[in-house]
$ cat structure21.tsv   # TSV, C-alpha atoms
chain	number	residue	atom	x	y	z
F	1	MET	CA	0.00	0.00	0.00
F	2	ALA	CA	1.35	3.45	-0.97
F	3	PRO	CA	2.05	6.02	1.79
F	4	ASN	CA	-0.84	8.25	0.62
F	5	GLU	CA	-3.21	5.27	0.75
F	6	VAL	CA	-2.06	4.47	4.28
F	7	ALA	CA	-2.62	8.09	5.34
F	8	ALA	CA	-6.09	8.05	3.77
F	9	GLN	CA	-7.03	4.88	5.66
F	10	ILE	CA	-5.74	6.31	8.94
F	11	GLY	CA	-7.70	9.53	8.25
F	12	LYS	CA	-10.92	7.55	7.80
F	13	TYR	CA	-10.29	5.62	11.01
F	14	VAL	CA	-9.56	8.74	13.07
F	15	ALA	CA	-12.70	10.42	11.68
F	16	ARG	CA	-14.75	7.54	13.11
F	17	ILE	CA	-13.22	8.11	16.56
F	18	VAL	CA	-13.61	11.90	16.69
F	19	GLN	CA	-17.14	12.83	17.75
F	20	ASP	CA	-19.17	15.94	17.03
F	21	GLY	CA	-18.27	18.60	19.60
F	22	ASP	CA	-14.78	17.23	20.30
F	23	THR	CA	-11.77	19.53	20.57
F	24	ILE	CA	-8.85	18.53	18.37
F	25	GLN	CA	-5.13	19.22	18.10
F	26	ILE	CA	-3.49	18.64	14.76
F	27	GLY	CA	0.01	18.71	13.32
F	28	TYR	CA	1.46	19.35	9.87
F	29	GLY	CA	1.98	16.90	7.04
F	30	SER	CA	0.25	14.32	4.91
F	31	LEU	CA	-1.24	12.34	7.81
F	32	PRO	CA	-2.85	15.34	9.57
F	33	ASN	CA	-4.12	16.56	6.19
F	34	ALA	CA	-5.66	13.15	5.51
F	35	ILE	CA	-7.33	13.21	8.91
F	36	LEU	CA	-8.75	16.72	8.44
F	37	SER	CA	-10.06	15.85	4.97
F	38	ASN	CA	-12.35	13.28	6.61
F	39	PHE	CA	-13.96	15.77	9.03
F	40	ASN	CA	-16.27	17.50	6.53
F	41	ASP	CA	-19.38	15.85	8.01
F	42	LYS	CA	-18.47	16.64	11.63
F	43	LYS	CA	-20.24	19.32	13.62
F	44	ASN	CA	-19.12	21.80	16.28
F	45	LEU	CA	-15.46	20.78	16.44
F	46	GLY	CA	-13.09	22.86	18.53
F	47	VAL	CA	-9.37	23.50	18.12
F	48	HIS	CA	-6.62	23.94	20.68
F	49	SER	CA	-3.39	23.42	18.74
F	50	GLU	CA	0.12	24.68	18.47
F	51	LEU	CA	-0.27	24.85	14.69
F	52	LEU	CA	-3.00	26.39	12.54
F	53	THR	CA	-3.07	24.85	9.03
F	54	ASP	CA	-4.88	25.30	5.73
F	55	GLY	CA	-7.01	22.26	6.58
F	56	ILE	CA	-8.16	23.76	9.88
F	57	VAL	CA	-9.02	27.06	8.21
F	58	GLU	CA	-11.01	25.27	5.49
F	59	LEU	CA	-13.04	23.49	8.18
F	60	MET	CA	-13.55	26.83	9.95
F	61	LYS	CA	-14.86	28.37	6.72
F	62	LYS	CA	-17.29	25.45	6.30
F	63	GLY	CA	-18.53	25.81	9.89
F	64	VAL	CA	-17.27	22.34	10.88
F	65	ILE	CA	-14.92	24.01	13.37
F	66	ASN	CA	-16.87	26.59	15.36
F	67	ASN	CA	-15.57	25.92	18.89
F	68	SER	CA	-19.10	26.15	20.29
F	69	GLN	CA	-18.81	23.12	22.57
F	70	LYS	CA	-15.47	23.89	24.20
F	71	THR	CA	-15.36	24.62	27.92
F	72	LEU	CA	-12.15	26.69	27.63
F	73	ASN	CA	-11.93	29.55	25.12
F	74	ARG	CA	-15.43	28.79	23.82
F	75	GLY	CA	-15.97	30.22	20.35
F	76	LYS	CA	-12.24	30.63	19.70
F	77	THR	CA	-9.77	28.59	17.69
F	78	VAL	CA	-6.58	28.60	19.76
F	79	ALA	CA	-3.18	28.25	18.07
F	80	THR	CA	0.38	29.45	18.56
F	81	PHE	CA	1.50	29.77	14.94
F	82	CYS	CA	0.29	29.28	11.39
F	83	MET	CA	1.70	27.56	8.30
F	84	GLY	CA	-0.33	27.85	5.16
F	85	HIS	CA	-1.16	29.41	1.84
F	86	PRO	CA	-1.70	33.17	1.47
F	87	SER	CA	-5.48	32.63	1.55
F	88	THR	CA	-5.13	31.12	5.04
F	89	TYR	CA	-3.26	34.18	6.28
F	90	GLU	CA	-5.89	36.44	4.71
F	91	TYR	CA	-8.63	34.54	6.53
F	92	ILE	CA	-6.97	34.70	9.94
F	93	HIS	CA	-5.90	38.36	9.67
F	94	ASP	CA	-7.89	40.25	12.35
F	95	ASN	CA	-10.30	37.30	12.61
F	96	ARG	CA	-12.06	37.53	15.98
F	97	VAL	CA	-12.64	33.78	16.24
F	98	LEU	CA	-8.90	33.14	16.43
F	99	ASN	CA	-6.93	33.37	19.66
F	100	SER	CA	-3.23	33.25	18.86
F	101	GLY	CA	-0.37	33.92	21.21
F	102	PRO	CA	2.81	32.54	22.70
F	103	SER	CA	2.89	28.96	23.84
F	104	THR	CA	2.90	28.66	27.62
F	105	ILE	CA	2.69	25.85	30.08
F	106	PRO	CA	0.20	26.53	32.88
F	107	THR	CA	1.63	26.24	36.38
F	108	THR	CA	-1.74	25.14	37.73
F	109	LEU	CA	-4.79	23.62	36.14
$ encode --input "structure21.tsv" --output "structure tokens"
Amino acid sequence: MAPNEVAAQIGKYVARIVQDGDTIQIGYGSLPNAILSNFNDKKNLGVHSELLTDGIVELMKKGVINNSQKTLNRGKTVATFCMGHPSTYEYIHDNRVLNSGPSTIPTTL
């Protein structure tokens, strides 16, 4: 099986595990992209991630990611940095549903 086929199968499997309303963290590369591409039918996903990607922004535009079910930073996609196409940067520029800042480790929870 080719690497892209493996990633596609993993993406389908992960999509079955992630439930509507869950908060996700995602990385960068072919596997995270394959996972995100299988989330189009999900509802009310949230994001707390170090990285904001094109795939996350596309799901935000479609309303799949709306952060409405999160208990922390409800209504906000939280990320530390972004890697993407110019259209991704245009979307996030001054976007009020994005909370971006330095990565910190809380001293207490």
$ atom_distance --input "structure21.tsv" --atom1 "CA of Lys43 in chain F" --atom2 "CA of Met60 in chain F"
10.7 Å
$ residues_near_point --input "structure21.tsv" --point "(1.1, 12.8, 10.0)" --cutoff "12 Å" --atoms "all atoms listed in the file" --output "NGL selection string"
:F and (3-4 or 6-8 or 10-11 or 14 or 26-36)
$ residues_around --input "structure21.tsv" --residues "Lys42 in chain F" --least-positions-apart "4" --cutoff "9 Å" --atoms "all atoms listed in the file" --output "ChimeraX atom specification"
/F:15,18-21,38,64-65
$ atom_distance --input "structure21.tsv" --atom1 "CA of Ile92 in chain F" --atom2 "CA of Ile17 in chain F"
28.1 Å
$ closest_residue --input "structure21.tsv" --among "F:Thr23, F:Asn95, F:Gln9, F:Ser100" --to "Leu51 in chain F" --atoms "only C-alpha atoms"
F:Ser100
$ closest_residue --input "structure21.tsv" --among "F:Val47, F:Thr71, F:Val78, F:Val57" --to "Glu90 in chain F" --atoms "only C-alpha atoms"
F:Val57
$ residues_near_point --input "structure21.tsv" --point "(-12.6, 20.0, 21.3)" --cutoff "8 Å" --atoms "all atoms listed in the file" --output "MDAnalysis selection string"
chainID F and resid 21:24 45:48 67 69:70
$ atom_distance --input "structure21.tsv" --atom1 "CA of Asn40 in chain F" --atom2 "CA of Lys62 in chain F"
8.0 Å
$ closest_residue --input "structure21.tsv" --among "F:His93, F:Lys12, F:Gly101, F:Lys61" --to "Ala79 in chain F" --atoms "all atoms listed in the file"
F:Gly101
$ residues_around --input "structure21.tsv" --residues "Lys76 in chain F" --least-positions-apart "3" --cutoff "6 Å" --atoms "all atoms listed in the file" --output "ChimeraX atom specification"
/F:67,73,97-99
